[in-house]
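Source file start_37.csv; content: CSV, C-alpha atoms.
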chain,number,residue,atom,x,y,z
P,1205,MET,CA,-47.6,20.8,14.1
P,1206,SER,CA,-46.2,19.7,10.8
P,1207,ARG,CA,-44.0,17.0,12.4
P,1208,SER,CA,-45.6,14.3,14.5
P,1209,GLY,CA,-42.5,13.2,16.5
P,1210,SER,CA,-43.9,9.7,16.5
P,1211,LYS,CA,-41.4,6.9,16.7
P,1212,PRO,CA,-41.5,5.7,13.1
P,1213,THR,CA,-40.9,9.2,11.9
P,1214,ARG,CA,-38.0,9.8,14.2
P,1215,ARG,CA,-36.5,6.5,13.1
P,1216,ALA,CA,-37.0,7.5,9.5
P,1217,ASP,CA,-35.3,10.9,10.2
P,1218,ALA,CA,-32.4,9.2,11.8
P,1219,GLN,CA,-32.0,6.9,8.8
P,1220,HIS,CA,-32.3,9.8,6.5
P,1221,ASN,CA,-29.5,11.7,8.4
P,1222,ALA,CA,-27.2,8.6,8.4
P,1223,GLU,CA,-27.7,8.4,4.6
P,1224,LYS,CA,-27.0,12.1,4.2
P,1225,ILE,CA,-23.8,11.9,6.3
P,1226,LEU,CA,-22.6,8.8,4.5
P,1227,GLY,CA,-23.2,10.4,1.1
P,1228,ALA,CA,-21.4,13.5,2.2
P,1229,ALA,CA,-18.5,11.5,3.5
P,1230,VAL,CA,-18.1,9.7,0.2
P,1231,ALA,CA,-18.3,13.0,-1.7
P,1232,CYS,CA,-15.9,14.9,0.6
P,1233,LEU,CA,-13.3,12.1,1.0
P,1234,SER,CA,-13.4,11.5,-2.8
P,1235,ARG,CA,-12.2,15.1,-3.3
P,1236,ASN,CA,-9.8,15.1,-0.4
P,1237,ALA,CA,-8.5,12.1,1.5
P,1238,ASP,CA,-7.9,14.4,4.6
P,1239,ALA,CA,-11.4,15.9,4.7
P,1240,SER,CA,-12.4,16.6,8.3
P,1241,VAL,CA,-15.5,15.5,10.3
P,1242,ILE,CA,-16.5,19.2,10.4
P,1243,GLU,CA,-16.4,19.5,6.6
P,1244,ILE,CA,-18.4,16.3,6.2
P,1245,ALA,CA,-21.0,17.4,8.7
P,1246,GLN,CA,-21.3,20.8,6.9
P,1247,ALA,CA,-21.7,19.1,3.5
P,1248,ALA,CA,-24.4,16.8,5.0
P,1249,GLY,CA,-26.2,19.8,6.6
P,1250,VAL,CA,-26.1,18.3,10.1
P,1251,GLY,CA,-24.3,19.3,13.3
P,1252,ARG,CA,-21.3,17.6,14.7
P,1253,VAL,CA,-23.2,16.0,17.5
P,1254,THR,CA,-25.7,14.5,15.1
P,1255,LEU,CA,-22.8,13.1,13.0
P,1256,TYR,CA,-21.1,11.6,16.0
P,1257,GLY,CA,-24.4,10.1,17.0
P,1258,HIS,CA,-24.3,8.0,13.9
P,1259,PHE,CA,-20.5,7.5,13.5
P,1260,PRO,CA,-18.5,7.6,16.7
P,1261,SER,CA,-15.2,8.6,15.1
P,1262,ARG,CA,-13.7,9.8,11.8
P,1263,ASP,CA,-12.2,6.4,11.4
P,1264,ALA,CA,-15.7,4.8,11.6
P,1265,LEU,CA,-16.9,7.3,9.0
P,1266,VAL,CA,-14.0,6.5,6.6
P,1267,GLU,CA,-14.6,2.8,7.0
P,1268,ALA,CA,-18.4,3.2,6.3
P,1269,ALA,CA,-17.6,5.3,3.2
P,1270,LEU,CA,-15.2,2.6,1.9
P,1271,ILE,CA,-17.8,-0.1,2.6
P,1272,ARG,CA,-20.4,1.9,0.7
P,1273,LEU,CA,-18.0,2.2,-2.3
P,1274,LEU,CA,-17.1,-1.5,-2.2
P,1275,HIS,CA,-20.8,-2.4,-2.1
P,1276,GLU,CA,-21.5,-0.2,-5.1
P,1277,GLY,CA,-18.5,-1.6,-6.9
P,1278,ASP,CA,-19.6,-5.1,-6.1
P,1279,GLN,CA,-22.8,-4.5,-8.0
P,1280,VAL,CA,-20.7,-3.4,-11.1
P,1281,LEU,CA,-18.4,-6.4,-10.8
P,1282,ALA,CA,-21.4,-8.8,-10.4
P,1283,ALA,CA,-22.4,-7.8,-14.0
P,1284,VAL,CA,-19.2,-9.2,-15.4
P,1285,ASP,CA,-19.8,-12.6,-17.1
P,1286,LEU,CA,-17.5,-15.1,-15.3
P,1287,THR,CA,-18.2,-18.1,-17.5
P,1288,GLY,CA,-15.9,-17.6,-20.5
P,1289,ASP,CA,-12.2,-18.2,-21.0
P,1290,PRO,CA,-10.5,-17.5,-17.6
P,1291,ARG,CA,-7.9,-15.2,-19.3
P,1292,GLU,CA,-10.5,-13.0,-21.1
P,1293,THR,CA,-12.7,-13.0,-18.0
P,1294,LEU,CA,-9.8,-11.9,-15.9
P,1295,ARG,CA,-9.0,-9.1,-18.3
P,1296,ALA,CA,-12.7,-7.9,-18.1
P,1297,LEU,CA,-12.6,-8.1,-14.3
P,1298,ILE,CA,-9.3,-6.1,-14.2
P,1299,GLU,CA,-10.8,-3.4,-16.5
P,1300,SER,CA,-14.0,-3.0,-14.4
P,1301,SER,CA,-12.0,-3.1,-11.1
P,1302,TRP,CA,-9.5,-0.6,-12.4
P,1303,LEU,CA,-12.3,2.0,-13.1
P,1304,LEU,CA,-13.8,1.5,-9.6
P,1305,ILE,CA,-10.4,1.8,-7.9
P,1306,ALA,CA,-9.3,4.8,-9.9
P,1307,GLN,CA,-12.5,6.6,-9.0
P,1308,SER,CA,-12.1,5.7,-5.3
P,1309,SER,CA,-8.4,6.5,-5.0
P,1310,ALA,CA,-8.8,9.4,-2.5
P,1311,VAL,CA,-11.2,7.4,-0.3
P,1312,LEU,CA,-8.8,4.4,-0.4
P,1313,GLU,CA,-6.0,6.8,0.6
P,1314,ALA,CA,-8.0,8.0,3.6
P,1315,ALA,CA,-8.7,4.4,4.5
P,1316,GLN,CA,-5.1,3.4,4.2
P,1317,LYS,CA,-4.2,6.3,6.6
P,1318,THR,CA,-6.8,5.4,9.3
P,1319,LEU,CA,-7.6,1.6,9.1
P,1320,PRO,CA,-5.2,-1.0,10.6
P,1321,PRO,CA,-3.1,-2.7,8.0
P,1322,GLY,CA,-4.8,-5.7,6.5
P,1323,ARG,CA,-8.3,-4.2,7.3
P,1324,LEU,CA,-8.5,-2.6,3.8
P,1325,HIS,CA,-7.6,-6.0,2.3
P,1326,ASP,CA,-10.2,-7.8,4.5
P,1327,LEU,CA,-12.9,-5.5,3.4
P,1328,HIS,CA,-12.2,-6.6,-0.2
P,1329,ALA,CA,-13.2,-10.2,0.7
P,1330,LYS,CA,-16.0,-10.3,-1.9
P,1331,PRO,CA,-14.1,-9.0,-5.0
P,1332,GLU,CA,-11.1,-11.1,-3.8
P,1333,GLN,CA,-13.4,-14.2,-3.7
P,1334,ARG,CA,-14.6,-13.6,-7.2
P,1335,VAL,CA,-11.0,-13.4,-8.5
P,1336,GLY,CA,-9.9,-16.3,-6.3
P,1337,ASP,CA,-12.7,-18.6,-7.8
P,1338,LEU,CA,-11.8,-17.5,-11.3
P,1339,ILE,CA,-8.1,-18.3,-10.7
P,1340,VAL,CA,-9.0,-21.8,-9.2
P,1341,ARG,CA,-11.1,-22.5,-12.3
P,1342,GLY,CA,-8.2,-21.3,-14.6
P,1343,GLN,CA,-5.8,-23.5,-12.7
P,1344,ALA,CA,-8.1,-26.5,-13.1
P,1345,GLU,CA,-8.4,-25.8,-16.9
P,1346,GLY,CA,-4.7,-25.5,-17.2
P,1347,VAL,CA,-4.6,-21.9,-18.4
P,1348,PHE,CA,-3.2,-20.5,-15.1
P,1349,ARG,CA,-0.2,-21.8,-13.3
P,1350,ASP,CA,-0.8,-24.0,-10.3
P,1351,ASP,CA,2.7,-24.1,-8.8
P,1352,LEU,CA,1.6,-21.0,-6.7
P,1353,PRO,CA,-1.5,-20.9,-4.5
P,1354,ALA,CA,-4.6,-19.1,-5.9
P,1355,SER,CA,-4.7,-16.9,-2.8
P,1356,TRP,CA,-1.2,-15.6,-3.5
P,1357,LEU,CA,-2.0,-15.0,-7.2
P,1358,ALA,CA,-5.2,-13.1,-6.1
P,1359,GLY,CA,-3.1,-11.1,-3.7
P,1360,VAL,CA,-0.7,-10.1,-6.4
P,1361,LEU,CA,-3.5,-8.7,-8.5
P,1362,HIS,CA,-4.8,-6.7,-5.4
P,1363,HIS,CA,-1.3,-5.2,-4.8
P,1364,VAL,CA,-0.5,-4.4,-8.4
P,1365,ILE,CA,-3.9,-2.8,-9.1
P,1366,HIS,CA,-3.9,-0.7,-5.9
P,1367,GLY,CA,-0.2,0.1,-6.4
P,1368,ALA,CA,-1.0,1.3,-10.0
P,1369,ALA,CA,-3.8,3.6,-8.6
P,1370,THR,CA,-1.2,5.2,-6.2
P,1371,ASP,CA,1.2,5.5,-9.2
P,1372,VAL,CA,-1.5,7.4,-11.2
P,1373,ALA,CA,-2.4,9.6,-8.2
P,1374,THR,CA,1.3,10.5,-7.7
P,1375,GLY,CA,2.0,11.1,-11.4
P,1376,ARG,CA,4.3,8.1,-11.8
P,1377,LEU,CA,2.0,6.4,-14.3
P,1378,ASP,CA,-0.3,7.6,-17.1
P,1379,ARG,CA,-3.9,6.8,-16.3
P,1380,ALA,CA,-4.6,5.6,-19.8
P,1381,ASP,CA,-1.8,3.1,-19.7
P,1382,ALA,CA,-2.8,1.5,-16.4
P,1383,PRO,CA,-5.4,-1.1,-17.3
P,1384,GLY,CA,-3.5,-2.5,-20.2
P,1385,PHE,CA,-0.2,-2.6,-18.3
P,1386,ILE,CA,-1.9,-4.4,-15.3
P,1387,SER,CA,-3.6,-7.0,-17.6
P,1388,GLU,CA,-0.4,-7.7,-19.5
P,1389,THR,CA,1.6,-8.1,-16.3
P,1390,ILE,CA,-0.9,-10.2,-14.4
P,1391,LEU,CA,-1.7,-12.6,-17.4
P,1392,ALA,CA,2.1,-13.2,-17.8
P,1393,ALA,CA,2.5,-13.7,-14.0
P,1394,TYR,CA,-0.4,-16.3,-14.1
P,1395,ARG,CA,0.7,-18.2,-17.2
P,1396,PRO,CA,1.8,-21.8,-16.7
P,1397,ARG,CA,5.5,-22.4,-17.4
G,83,MET,CA,33.7,21.7,35.9
G,84,SER,CA,33.6,18.6,33.9
G,85,ARG,CA,31.8,20.1,30.9
G,86,SER,CA,33.3,23.1,29.2
G,87,GLY,CA,30.2,24.4,27.5
G,88,SER,CA,32.3,25.5,24.6
G,89,LYS,CA,30.7,25.5,21.1
G,90,PRO,CA,32.2,22.3,19.7
G,91,THR,CA,31.1,20.4,22.8
G,92,ARG,CA,27.6,21.7,22.6
G,93,ARG,CA,27.4,20.9,18.9
G,94,ALA,CA,28.7,17.4,19.7
G,95,ASP,CA,26.1,17.0,22.4
G,96,ALA,CA,23.3,18.1,20.0
G,97,GLN,CA,24.6,15.6,17.4
G,98,HIS,CA,24.7,12.9,20.1
G,99,ASN,CA,21.1,13.7,21.2
G,100,ALA,CA,19.9,13.6,17.6
G,101,GLU,CA,21.5,10.2,17.1
G,102,LYS,CA,20.0,8.9,20.3
G,103,ILE,CA,16.5,10.1,19.3
G,104,LEU,CA,16.8,8.6,15.8
G,105,GLY,CA,18.0,5.3,17.2
G,106,ALA,CA,15.2,5.2,19.7
G,107,ALA,CA,12.7,6.1,17.0
G,108,VAL,CA,13.8,3.2,14.8
G,109,ALA,CA,13.7,0.8,17.8
G,110,CYS,CA,10.3,2.0,19.1
G,111,LEU,CA,8.6,2.2,15.7
G,112,SER,CA,10.0,-1.3,14.8
G,113,ARG,CA,8.2,-2.7,17.8
G,114,ASN,CA,5.0,-0.6,17.4
G,115,ALA,CA,4.0,1.4,14.3
G,116,ASP,CA,1.9,3.7,16.5
G,117,ALA,CA,4.7,4.5,19.1
G,118,SER,CA,4.2,8.0,20.4
G,119,VAL,CA,6.7,10.9,20.5
G,120,ILE,CA,6.7,10.6,24.3
G,121,GLU,CA,7.6,6.9,24.2
G,122,ILE,CA,10.4,7.7,21.8
G,123,ALA,CA,11.7,10.6,24.0
G,124,GLN,CA,11.7,8.3,27.0
G,125,ALA,CA,13.5,5.5,25.2
G,126,ALA,CA,16.1,8.1,24.0
G,127,GLY,CA,16.5,9.5,27.6
G,128,VAL,CA,15.7,13.0,26.5
G,129,GLY,CA,12.8,15.4,27.2
G,130,ARG,CA,10.1,16.2,24.7
G,131,VAL,CA,11.4,19.8,24.2
G,132,THR,CA,14.8,18.4,23.2
G,133,LEU,CA,13.2,15.9,20.8
G,134,TYR,CA,11.1,18.6,19.2
G,135,GLY,CA,14.3,20.7,18.9
G,136,HIS,CA,15.7,18.1,16.6
G,137,PHE,CA,12.5,16.8,14.9
G,138,PRO,CA,9.6,19.3,14.6
G,139,SER,CA,6.9,16.7,14.4
G,140,ARG,CA,6.2,13.0,14.8
G,141,ASP,CA,5.9,12.8,11.0
G,142,ALA,CA,9.4,14.2,10.6
G,143,LEU,CA,10.7,11.6,13.1
G,144,VAL,CA,9.0,8.8,11.2
G,145,GLU,CA,10.4,10.0,7.9
G,146,ALA,CA,13.9,10.3,9.5
G,147,ALA,CA,13.6,6.7,10.9
G,148,LEU,CA,12.6,5.4,7.5
G,149,ILE,CA,15.4,7.2,5.7
G,150,ARG,CA,17.9,5.7,8.3
G,151,LEU,CA,16.6,2.2,7.5
G,152,LEU,CA,16.7,2.8,3.8
G,153,HIS,CA,20.3,4.0,4.1
G,154,GLU,CA,21.3,0.9,6.1
G,155,GLY,CA,19.4,-1.2,3.6
G,156,ASP,CA,21.1,0.5,0.7
G,157,GLN,CA,24.5,-0.6,2.1
G,158,VAL,CA,23.2,-4.2,2.2
G,159,LEU,CA,21.9,-4.1,-1.4
G,160,ALA,CA,25.1,-2.4,-2.7
G,161,ALA,CA,26.9,-5.7,-1.8
G,162,VAL,CA,24.7,-7.7,-4.3
G,163,ASP,CA,26.7,-8.5,-7.5
G,164,LEU,CA,24.7,-6.9,-10.3
G,165,THR,CA,26.9,-8.2,-13.2
G,166,GLY,CA,25.6,-11.7,-13.7
G,167,ASP,CA,22.5,-13.1,-15.6
G,168,PRO,CA,19.8,-10.5,-15.0
G,169,ARG,CA,17.3,-13.2,-13.9
G,170,GLU,CA,19.6,-14.6,-11.2
G,171,THR,CA,20.7,-11.1,-10.2
G,172,LEU,CA,17.0,-10.1,-9.8
G,173,ARG,CA,16.4,-13.1,-7.7
G,174,ALA,CA,19.3,-12.2,-5.4
G,175,LEU,CA,18.1,-8.6,-5.2
G,176,ILE,CA,14.6,-9.8,-4.3
G,177,GLU,CA,15.9,-12.0,-1.5
G,178,SER,CA,18.0,-9.3,0.1
G,179,SER,CA,15.3,-6.7,-0.3
G,180,TRP,CA,12.7,-9.0,1.2
G,181,LEU,CA,14.8,-9.5,4.3
G,182,LEU,CA,15.2,-5.7,4.7
G,183,ILE,CA,11.5,-5.0,4.1
G,184,ALA,CA,10.2,-7.8,6.4
G,185,GLN,CA,12.5,-6.4,9.2
G,186,SER,CA,11.2,-2.9,8.7
G,187,SER,CA,7.5,-3.7,8.3
G,188,ALA,CA,6.3,-1.7,11.4
G,189,VAL,CA,8.3,1.3,10.4
G,190,LEU,CA,6.9,1.1,6.9
G,191,GLU,CA,3.4,0.9,8.4
G,192,ALA,CA,4.1,4.0,10.4
G,193,ALA,CA,5.4,5.8,7.3
G,194,GLN,CA,2.4,4.7,5.3
G,195,LYS,CA,0.1,6.2,7.9
G,196,THR,CA,1.9,9.5,8.1
G,197,LEU,CA,3.6,10.3,4.8
G,198,PRO,CA,1.7,11.6,1.8
G,199,PRO,CA,1.0,8.9,-0.8
G,200,GLY,CA,3.9,8.5,-3.2
G,201,ARG,CA,6.4,9.9,-0.7
G,202,LEU,CA,7.2,6.4,0.5
G,203,HIS,CA,7.8,5.3,-3.1
G,204,ASP,CA,9.9,8.5,-3.7
G,205,LEU,CA,12.2,7.7,-0.8
G,206,HIS,CA,12.9,4.3,-2.5
G,207,ALA,CA,14.6,6.1,-5.4
G,208,LYS,CA,17.9,4.4,-4.9
G,209,PRO,CA,16.8,0.8,-4.6
G,210,GLU,CA,14.3,1.5,-7.4
G,211,GLN,CA,17.1,2.9,-9.6
G,212,ARG,CA,19.2,-0.3,-9.0
G,213,VAL,CA,16.3,-2.5,-10.0
G,214,GLY,CA,15.4,-0.2,-13.0
G,215,ASP,CA,19.0,-0.4,-14.3
G,216,LEU,CA,18.9,-4.2,-14.0
G,217,ILE,CA,15.6,-4.4,-15.9
G,218,VAL,CA,16.9,-2.1,-18.7
G,219,ARG,CA,20.0,-4.4,-19.1
G,220,GLY,CA,17.7,-7.5,-19.0
G,221,GLN,CA,15.5,-6.0,-21.7
G,222,ALA,CA,18.6,-5.1,-23.9
G,223,GLU,CA,19.9,-8.7,-23.5
G,224,GLY,CA,16.4,-10.1,-24.4
G,225,VAL,CA,15.8,-11.9,-21.1
G,226,PHE,CA,13.1,-9.5,-19.9
G,227,ARG,CA,10.1,-8.3,-21.9
G,228,ASP,CA,10.4,-4.9,-23.5
G,229,ASP,CA,6.7,-4.4,-24.5
G,230,LEU,CA,6.2,-2.7,-21.0
G,231,PRO,CA,8.4,0.2,-19.7
G,232,ALA,CA,11.2,-0.7,-17.3
G,233,SER,CA,9.7,1.9,-14.8
G,234,TRP,CA,6.4,0.0,-14.7
G,235,LEU,CA,8.1,-3.4,-14.3
G,236,ALA,CA,10.2,-1.9,-11.4
G,237,GLY,CA,7.0,-0.5,-9.8
G,238,VAL,CA,5.3,-3.9,-10.0
G,239,LEU,CA,8.2,-5.4,-8.0
G,240,HIS,CA,7.8,-2.6,-5.4
G,241,HIS,CA,4.1,-3.2,-5.0
G,242,VAL,CA,4.3,-7.0,-4.9
G,243,ILE,CA,7.2,-7.0,-2.3
G,244,HIS,CA,5.6,-4.4,-0.1
G,245,GLY,CA,2.2,-6.0,-0.5
G,246,ALA,CA,3.7,-9.4,0.5
G,247,ALA,CA,5.2,-7.8,3.7
G,248,THR,CA,1.7,-6.6,4.6
G,249,ASP,CA,0.3,-10.0,3.9
G,250,VAL,CA,2.8,-11.6,6.3
G,251,ALA,CA,2.1,-8.9,9.0
G,252,THR,CA,-1.6,-9.7,8.8
G,253,GLY,CA,-1.2,-13.5,8.7
G,254,ARG,CA,-2.4,-13.9,5.1
G,255,LEU,CA,1.0,-15.3,3.9
G,256,ASP,CA,3.6,-17.6,5.5
G,257,ARG,CA,6.8,-15.6,6.0
G,258,ALA,CA,8.9,-18.6,4.7
G,259,ASP,CA,7.0,-18.8,1.5
G,260,ALA,CA,7.3,-15.1,0.6
G,261,PRO,CA,10.7,-14.7,-1.1
G,262,GLY,CA,10.2,-17.7,-3.4
G,263,PHE,CA,6.6,-16.7,-4.3
G,264,ILE,CA,7.7,-13.1,-5.1
G,265,SER,CA,10.6,-14.3,-7.3
G,266,GLU,CA,8.5,-16.9,-9.2
G,267,THR,CA,5.8,-14.3,-9.8
G,268,ILE,CA,8.1,-11.4,-10.9
G,269,LEU,CA,10.3,-13.5,-13.1
G,270,ALA,CA,7.2,-14.8,-14.9
G,271,ALA,CA,5.8,-11.3,-15.2
G,272,TYR,CA,9.1,-10.0,-16.7
G,273,ARG,CA,9.6,-13.0,-19.2
G,274,PRO,CA,9.4,-12.1,-22.9
G,275,ARG,CA,6.4,-13.6,-24.6

Please re-express this file's structure in C-alpha cells.
Amino acid sequence: MSRSGSKPTRRADAQHNAEKILGAAVACLSRNADASVIEIAQAAGVGRVTLYGHFPSRDALVEAALIRLLHEGDQVLAAVDLTGDPRETLRALIESSWLLIAQSSAVLEAAQKTLPPGRLHDLHAKPEQRVGDLIVRGQAEGVFRDDLPASWLAGVLHHVIHGAATDVATGRLDRADAPGFISETILAAYRPR
Amino acid sequence: MSRSGSKPTRRADAQHNAEKILGAAVACLSRNADASVIEIAQAAGVGRVTLYGHFPSRDALVEAALIRLLHEGDQVLAAVDLTGDPRETLRALIESSWLLIAQSSAVLEAAQKTLPPGRLHDLHAKPEQRVGDLIVRGQAEGVFRDDLPASWLAGVLHHVIHGAATDVATGRLDRADAPGFISETILAAYRPR
C-alpha cells in the first residue's frame, strides 16, 4: 500500500484538496464571473461531492475566492510606505489598489452578484482601515478636508475605484486613464476648502 | 355574456395584466430585492403562466421594473431647472436624484444581482446625459474643471450616489447626511484647480 490512510495524511489530503479547489475557483472566476461549480471542480480535478464537502455552496466558494484575493492584495498594499506626505501616500495606495482591483474585476463581479449588499464592502475592512487611518492623519496635518468624516471620504474612494473597474470592464473608460483620473478626482475631493 | 371576447377587449385585458404585473413587481421588489416570480404573480393576482406570457424570465421582470422607476424618475428630474449656475443646478439635481435612488434601493439591488455589469449604468443614459450636458456647460463657463473628461466626471457622480445608497442600506451612512455629503464631495471634485 502506497497510501497509509492514517489521520494526519487524510487531513493533509483534505487540506490539499481545499487548496486546489480554492486555486481553481480563483482562476475560473477570474476568467468568467459566471463560472459554475462543475467547471471549478473539473479545473481542480476533484468531484462535485468533494468540492461541496469543503464549500457548501457556490456562494461560499465565491466568498472564499474573494477573501483569498483580498488577503493576497493586502500583502501588496502592506508594502506601501504610509509615512510620507498623505497626498503622495494616497496616490501610491490608489495606484496599487487599482492594479489589484482591475486584476480581480471578474471575481468582484461574481461576488457582487452573490453576496448580500454591504458584505463586499465589509470584506474590505483591512484596506479600508489603511485608507481611513491615512485620511485621519491627513486631516490632522491639514492637507485633507475635515468638514466631512474620514469614513465617508474612505467610502468615496471605495465607490470611485470599484466603479472605475466596472467602467473599464464595460468599455466606458480606457484602462490606461483610470489610475490618474481616480487620483486627480479623489485628491480634489479631499482638498480643504 | 358580460365579456365579448372580441380582439380589442382581449388586447386591453393583456395590457391591463401587464400593467398589474409590472406594478406588483415594482411594489414587491421595493420591499424585498429577492422577491420571487411567484410572490409577484400572487401580488398581481395572476397565474405564473400569465406572468411568463408577459415577462419571459425574472431577469426580464426586474429590468422592466427598473425601467419603469427610471421613467418615473426622469419625469421628476425633468422638472429641475437646468439654466442657472451649474454648481447650484448640480446641487439641485443631486438632491432630486438622491431621493429617487434612495426610494429605489431594493429594486436597484435586485437589478445589480441579475443584470450584466454595465447594463444598470446603460439604463441610466437619460439622467447621465442630463448631468453630462450640465458638466460640459460648467466646463465651458469655467466653473467645473476641464482637465478630466465630462463623461468621467458624470460617472464619478453615478458611482458616489449609488455607493452612498448602498452605504445607507447597510447602515454605514446616516440617510440624513447623504445628500449634503454627496454634494460637498462632488462639487469639490469638479472644482477647477

Just how far from CA of Ala246 in chain G is CA of Gln185 in chain G, in Å to one decimal?
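We find that CA of Gln185 in chain G and CA of Ala246 in chain G lie 12.7 Å from each other.
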
Select, from G:Ala123, G:Thr132, G:Leu230, G:Gly237, the residue with the minimum atom-to-atom distance to Gly200 in chain G, counting all atoms listed in the file.
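Comparing G:Ala123, G:Thr132, G:Leu230, G:Gly237 against Gly200 in chain G, the winner is G:Gly237.
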
What's the separation between CA of Gly1251 in chain P and CA of Arg1214 in chain P, in Å to one decimal place?
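Between CA of Gly1251 in chain P and CA of Arg1214 in chain P the gap is 16.7 Å.
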
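Residue-level contacts from chain G to chain P at 6 Å, counting only C-alpha atoms, read Lys195, Gly200, His241, Val242, Gly245, Thr252, Thr267, Ala270 and Ala271 of chain G.
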
Put those residues in a file: C-alpha atoms, as a short mmCIF file (atom, residue, chain, number, x, y, z; two decimals), in the coordinates of the input.
data_model
loop_
_atom_site.label_atom_id
_atom_site.label_comp_id
_atom_site.auth_asym_id
_atom_site.auth_seq_id
_atom_site.Cartn_x
_atom_site.Cartn_y
_atom_site.Cartn_z
CA LYS G 195 0.10 6.20 7.90
CA GLY G 200 3.90 8.50 -3.20
CA HIS G 241 4.10 -3.20 -5.00
CA VAL G 242 4.30 -7.00 -4.90
CA GLY G 245 2.20 -6.00 -0.50
CA THR G 252 -1.60 -9.70 8.80
CA THR G 267 5.80 -14.30 -9.80
CA ALA G 270 7.20 -14.80 -14.90
CA ALA G 271 5.80 -11.30 -15.20
#

List the neighbours of range 175-182 of chain G out to 10 Å using all atoms listed in the file; skip same-chain residues closer than 5 positions along the sequence, and give me the result as a PyMOL selection string.
chain G and resi 151-152+154-156+158-164+169-170+187+209+212-213+216+239-240+243-244+246-247+260-262+264-265+268

Sel. within 9 Å of pt (-18.7, 13.4, 1.4), counting only C-alpha atoms, output as a PyMOL selection string:
chain P and resi 1224-1235+1239+1243-1245+1247-1248+1269

Please report the interatomic distance between CA of Pro168 in chain G and CA of Gly220 in chain G in Å with one decimal.
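Between CA of Pro168 in chain G and CA of Gly220 in chain G the gap works out to 5.4 Å.
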
Put a box with edges along x, y and z around all the listed atoms of range 156-167 of chain G, pad it by 5 Å on each side, then give me its centre and sizes in Å, one decimal, as JSON.
{"center_x": 24.0, "center_y": -6.3, "center_z": -6.7, "size_x": 15.8, "size_y": 23.6, "size_z": 27.8}

Using all atoms listed in the file, find the one residue out of G:His153, G:Arg173, G:His136, G:Arg219 that sits nearest to Ala207 in chain G.
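Distance minimum relative to Ala207 in chain G lands on G:His153.
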
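Residues surrounding Gly1257 in chain P within 12 Å are Ala1218, Gln1219, Asn1221, Ala1222, Ile1225, Ala1245, Val1250, Gly1251, Ala1264 and Leu1265 of chain P [all atoms listed in the file; sequence separation below 6 positions excluded].
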
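Proximity to Gly1336 in chain P was assessed for P:Gln1279, P:Ile1242, P:Arg1349, P:Ala1354 counting all atoms listed in the file; the smallest distance is recorded for P:Ala1354.
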